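Report on the following structure.
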2 protein chains.
Amino acid sequence: MQSEVMLTTYQDVIAASHRIKGHAHKTPVMTSKTLNDDFGAEVFFKCENFQRMGAFKFRGAFNALSKFDERQRKSGVVAFSSGNHAQAVALSAKLLGIPATIVMPHDAPEVKVEATKGYGGNVVIYNRYTEDREKIGSELANQHGMTLIPPYDHPDVIAGQGTAAKELFEEVGELDFLFVPLGGGGLLAGSALATRALSPGCTLFGVEPEAGNDGQRSFRSGSIVHIETPKTIADGAQTQHLGRYTFPIIQREVDDILTASDDQLIERMSFAASRMKIVIEPTGCLGFAAAKENKNQLRSKKVGILVSGGNIDLKRFCNLVETGLV
Amino acid sequence: MQSEVMLTTYQDVIAASHRIKGHAHKTPVMTSKTLNDDFGAEVFFKCENFQRMGAFKFRGAFNALSKFDERQRKSGVVAFSSGNHAQAVALSAKLLGIPATIVMPHDAPEVKVEATKGYGGNVVIYNRYTEDREKIGSELANQHGMTLIPPYDHPDVIAGQGTAAKELFEEVGELDFLFVPLGGGGLLAGSALATRALSPGCTLFGVEPEAGNDGQRSFRSGSIVHIETPKTIADGAQTQHLGRYTFPIIQREVDDILTASDDQLIERMSFAASRMKIVIEPTGCLGFAAAKENKNQLRSKKVGILVSGGNIDLKRFCNLVETGLV
């Protein structure tokens, strides 16, 4: 039997919005007449690719670190991540004057290691194939009294991520549909809390990579499904399972989980760059791709699409949009 | 001796801002903490790459067409352009219910021909090497009573283009420096009128491609210099000379004309895409590139950079940022 956990509430999202104010960007909501014509709908993009360090992850990390007490601030934070969470924790820690240790795999892209160091993070490299990152993280936490902040399964992280959808509803009013990328569920759970408070009638979809539909299977079966790390270009959503804090909220508040293929993600990345003039990383296009696939259902409706981030190496970006998956 | 012309005034810019309201986008002003740290300055980007049809040209075209009388509306508009002006006139005409004829060279990129047709424009193709586009345009104007709207040398076009800088100053207040791309001078002349009215102490630079510095030579010599079509990737600034309406305003109000090389434009396009997550066309980076070159002069200052547009084929974009000019 699962142990009881105290689930995040919309009150926590409100509190988070006060904590991040003046630190996180209130990102722009963009529209595209070309896209509206294509969908026959009114579509609003909440652009977290314009968030600090390039992704929504900053919101949750900054909220969590803001709640540290004196002892925690002194001993520091530890996080393991090769992606946006690493940079989010490193930057938040720097802004709050907290020492940060980031555990990254030996084969993490040099650009991400450098970015994390650039934000002042102390990077510890581990071998992905021979060492256990969770064990390393726990040891650092135990031995040095550091506080471990996980990438999604934490009440304060969920509350912080919910502030993006909160801002969206506050700016454009209630919506008929909202599409949110889904990896471990931090963004989706937070968005769900904001949606039910500010736009209760909105149909809310989480969207995950087709190659790793553990979220869809978990949602439909009622218990958390674990999978192998899925092979997809959506590197921000290569999670193996939902979390014990994220799943119950998703189960209770979300209408369904959809999937998007890598080809669909690339097609939307190209559209966003050539027509909307914005760079979105593959994971950031999950919601957009599912909305496109279901556009007939959206006709004459008011639709929100959460764009989660824009962190992609330019060479990789061009490689994907030019040659697809070949 | 040059004949007297009635020069555009800031009052005309104000009038234009009322005409385009609700039709043109009030484009976002963006900032980048990474860039501010690099420059040691506070930098504001006025993002006309997010304007309708992807460039500031919509402002001037819509303003000019809005002033048509009943007869002009009925007979229609004619424009010759292979670039953003073509799409700006076609879209403005469509929105105002005016027939539009666009004269384009036989080797214009298919994507631009299609975009112009997509906006409802009647495209007339001419041979760049054997036919004279100005003659074709004049004949269409004379035979069918169409009104010719040139891409930059027209008082109403200048007034419309000035609304972008007007919005920038109204949003961020006075500036110490403003960098504006320069081709034929419509955007720069309009920006100059807004600058002198709203931020009189601002140092205003026009920036043109290094390969075609006719503007700089004209400005410094005091009379309009004509050159051959310059070889540069900044296709929106491949003009051969300033205009009789744009030059006197530029001469009177601008502080200096700077230049940027193609390599510098590519470097800034890459920075904008990878760090700011926005797509800017080469011409749109002219102001940004000159600001970067002169960043030591900008320390602790408040700086505006006008980004003129984002219309570039994605394949071409990737080719430039991946391989440079090789």
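Note on naming: chains are A, B, ... as they come in the structure tokens, residues start from 1 per chain, ligands start from 1 in the order shown.
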Per residue of chain B within 7 Å of chain A, what are the shortest atom pair and its distance in Å to one decimal, counting only C-alpha atoms, with rows by chain and residue number, as a tab-separated table?
residue	atom	partner	partner_atom	distance
B:Asn49	CA	A:Lys277	CA	6.8
B:Phe50	CA	A:Lys277	CA	6.9
B:Ala273	CA	A:Val279	CA	6.5
B:Ser274	CA	A:Leu314	CA	6.0
B:Lys277	CA	A:Val279	CA	4.7
B:Ile278	CA	A:Ile278	CA	4.5
B:Val279	CA	A:Lys277	CA	4.7
B:Gly310	CA	A:Lys277	CA	6.3
B:Asp313	CA	A:Ser274	CA	6.9
B:Leu314	CA	A:Ser274	CA	6.0
B:Lys315	CA	A:Glu322	CA	6.5
B:Cys318	CA	A:Cys318	CA	5.5
B:Glu322	CA	A:Lys315	CA	6.5
**Request:** Using DSSP on the backbone coordinates, identify the residues of stretch 41-189 of chain B assigned to helix (DSSP H, G or I); present them as a count of residues only.
**Result:** 78
From stretch 178-321 of chain A, collect each residue whose DSSP state is strand (DSSP E) and return the set as a PDB file with N, CA and C atoms, in the first residue's frame.
ATOM      1  N   LEU A 178      -6.538  23.023 -22.671  1.00  0.00           N
ATOM      2  CA  LEU A 178      -5.140  23.339 -22.375  1.00  0.00           C
ATOM      3  C   LEU A 178      -4.302  22.080 -22.591  1.00  0.00           C
ATOM      4  N   PHE A 179      -3.210  22.232 -23.344  1.00  0.00           N
ATOM      5  CA  PHE A 179      -2.283  21.129 -23.652  1.00  0.00           C
ATOM      6  C   PHE A 179      -0.953  21.385 -22.944  1.00  0.00           C
ATOM      7  N   VAL A 180      -0.513  20.401 -22.138  1.00  0.00           N
ATOM      8  CA  VAL A 180       0.693  20.575 -21.319  1.00  0.00           C
ATOM      9  C   VAL A 180       1.642  19.391 -21.524  1.00  0.00           C
ATOM     10  N   PRO A 181       2.946  19.659 -21.794  1.00  0.00           N
ATOM     11  CA  PRO A 181       3.922  18.567 -21.902  1.00  0.00           C
ATOM     12  C   PRO A 181       4.006  17.770 -20.602  1.00  0.00           C
ATOM     13  N   THR A 203     -10.908  21.596 -20.550  1.00  0.00           N
ATOM     14  CA  THR A 203     -10.455  20.231 -20.786  1.00  0.00           C
ATOM     15  C   THR A 203      -8.933  20.238 -20.801  1.00  0.00           C
ATOM     16  N   LEU A 204      -8.324  19.491 -19.877  1.00  0.00           N
ATOM     17  CA  LEU A 204      -6.872  19.541 -19.697  1.00  0.00           C
ATOM     18  C   LEU A 204      -6.218  18.239 -20.142  1.00  0.00           C
ATOM     19  N   PHE A 205      -5.289  18.359 -21.110  1.00  0.00           N
ATOM     20  CA  PHE A 205      -4.558  17.197 -21.609  1.00  0.00           C
ATOM     21  C   PHE A 205      -3.081  17.287 -21.234  1.00  0.00           C
ATOM     22  N   GLY A 206      -2.527  16.189 -20.740  1.00  0.00           N
ATOM     23  CA  GLY A 206      -1.084  16.043 -20.652  1.00  0.00           C
ATOM     24  C   GLY A 206      -0.622  15.358 -21.925  1.00  0.00           C
ATOM     25  N   VAL A 207       0.569  15.705 -22.415  1.00  0.00           N
ATOM     26  CA  VAL A 207       1.058  15.103 -23.661  1.00  0.00           C
ATOM     27  C   VAL A 207       2.483  14.599 -23.462  1.00  0.00           C
ATOM     28  N   GLU A 208       2.681  13.300 -23.702  1.00  0.00           N
ATOM     29  CA  GLU A 208       4.013  12.712 -23.522  1.00  0.00           C
ATOM     30  C   GLU A 208       4.479  12.082 -24.831  1.00  0.00           C
ATOM     31  N   PRO A 209       5.769  11.734 -24.912  1.00  0.00           N
ATOM     32  CA  PRO A 209       6.281  11.139 -26.150  1.00  0.00           C
ATOM     33  C   PRO A 209       5.624   9.781 -26.399  1.00  0.00           C
ATOM     34  N   ASP A 256      -7.252  13.717 -19.865  1.00  0.00           N
ATOM     35  CA  ASP A 256      -6.663  12.541 -20.522  1.00  0.00           C
ATOM     36  C   ASP A 256      -5.186  12.821 -20.820  1.00  0.00           C
ATOM     37  N   ILE A 257      -4.474  11.746 -21.101  1.00  0.00           N
ATOM     38  CA  ILE A 257      -3.074  11.866 -21.516  1.00  0.00           C
ATOM     39  C   ILE A 257      -2.990  11.458 -22.982  1.00  0.00           C
ATOM     40  N   LEU A 258      -2.395  12.325 -23.801  1.00  0.00           N
ATOM     41  CA  LEU A 258      -2.216  12.061 -25.225  1.00  0.00           C
ATOM     42  C   LEU A 258      -0.726  11.840 -25.498  1.00  0.00           C
ATOM     43  N   THR A 259      -0.414  11.418 -26.706  1.00  0.00           N
ATOM     44  CA  THR A 259       0.998  11.247 -27.060  1.00  0.00           C
ATOM     45  C   THR A 259       1.311  11.967 -28.371  1.00  0.00           C
ATOM     46  N   ALA A 260       2.604  12.218 -28.590  1.00  0.00           N
ATOM     47  CA  ALA A 260       3.062  12.821 -29.851  1.00  0.00           C
ATOM     48  C   ALA A 260       4.316  12.083 -30.304  1.00  0.00           C
ATOM     49  N   LYS A 302     -11.310  28.251 -27.532  1.00  0.00           N
ATOM     50  CA  LYS A 302     -10.211  29.041 -26.962  1.00  0.00           C
ATOM     51  C   LYS A 302      -9.230  28.038 -26.364  1.00  0.00           C
ATOM     52  N   VAL A 303      -8.019  28.013 -26.921  1.00  0.00           N
ATOM     53  CA  VAL A 303      -7.082  26.933 -26.636  1.00  0.00           C
ATOM     54  C   VAL A 303      -5.765  27.471 -26.070  1.00  0.00           C
ATOM     55  N   GLY A 304      -5.265  26.841 -25.007  1.00  0.00           N
ATOM     56  CA  GLY A 304      -3.955  27.178 -24.466  1.00  0.00           C
ATOM     57  C   GLY A 304      -2.951  26.080 -24.771  1.00  0.00           C
ATOM     58  N   ILE A 305      -1.733  26.472 -25.115  1.00  0.00           N
ATOM     59  CA  ILE A 305      -0.657  25.501 -25.341  1.00  0.00           C
ATOM     60  C   ILE A 305       0.540  25.941 -24.505  1.00  0.00           C
ATOM     61  N   LEU A 306       0.957  25.064 -23.607  1.00  0.00           N
ATOM     62  CA  LEU A 306       2.100  25.399 -22.770  1.00  0.00           C
ATOM     63  C   LEU A 306       3.381  24.942 -23.465  1.00  0.00           C
ATOM     64  N   VAL A 307       4.247  25.908 -23.769  1.00  0.00           N
ATOM     65  CA  VAL A 307       5.547  25.625 -24.388  1.00  0.00           C
ATOM     66  C   VAL A 307       6.562  25.573 -23.249  1.00  0.00           C
TER      67      VAL A 307
END
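Candidate residues B:Asp107, B:Asp38, B:Asp156, B:Asp255 were compared for distance to B:Phe177, and the nearest is B:Asp255, using only C-alpha atoms.
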**Asked** Expressed in Å to a single decimal, how great is the separation between atom CA of B:Arg244 and atom CA of B:Thr130?
**Response** 27.0 Å
**Neighbour list for A:Asn63 as a PyMOL selection string, cut-off 12 Å, only C-alpha atoms, skip fewer than 6 positions in-chain** = chain A and resi 12-21+23-24+56-57+88-89+92-93+95-96+149+154-163
**Request:** Could you give me, as JSON, numbers by chain, the residues within 8 Å of A:Lys112, counting only C-alpha atoms and dropping anything in the same chain fewer than 2 positions from it?
**Result:** {"A": [82, 83, 87, 108, 109, 110, 114, 115, 116]}
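Near A:His226, within 8 Å and counting only C-alpha atoms, sit A:Asp214, A:Gln240, A:His241, not including residues fewer than 3 positions from it in the same chain.
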**For A:Gly243, the nearest of the candidates A:Pro99, A:Gly40, A:Pro150, A:Pro230, counting only C-alpha atoms** = A:Pro150
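Between atom CA of A:Lys301 and atom CA of A:Cys202 there is a distance of 10.7 Å.
Using only C-alpha atoms, the nearest neighbour of A:Asn213 within the list A:Ser199, A:Asn127, A:Ala55, A:Ser261 is A:Ser261.
Nearest residue to B:Ala291 among B:Lys231, B:Arg268, B:His144, B:Lys74 is B:Arg268, counting only C-alpha atoms.
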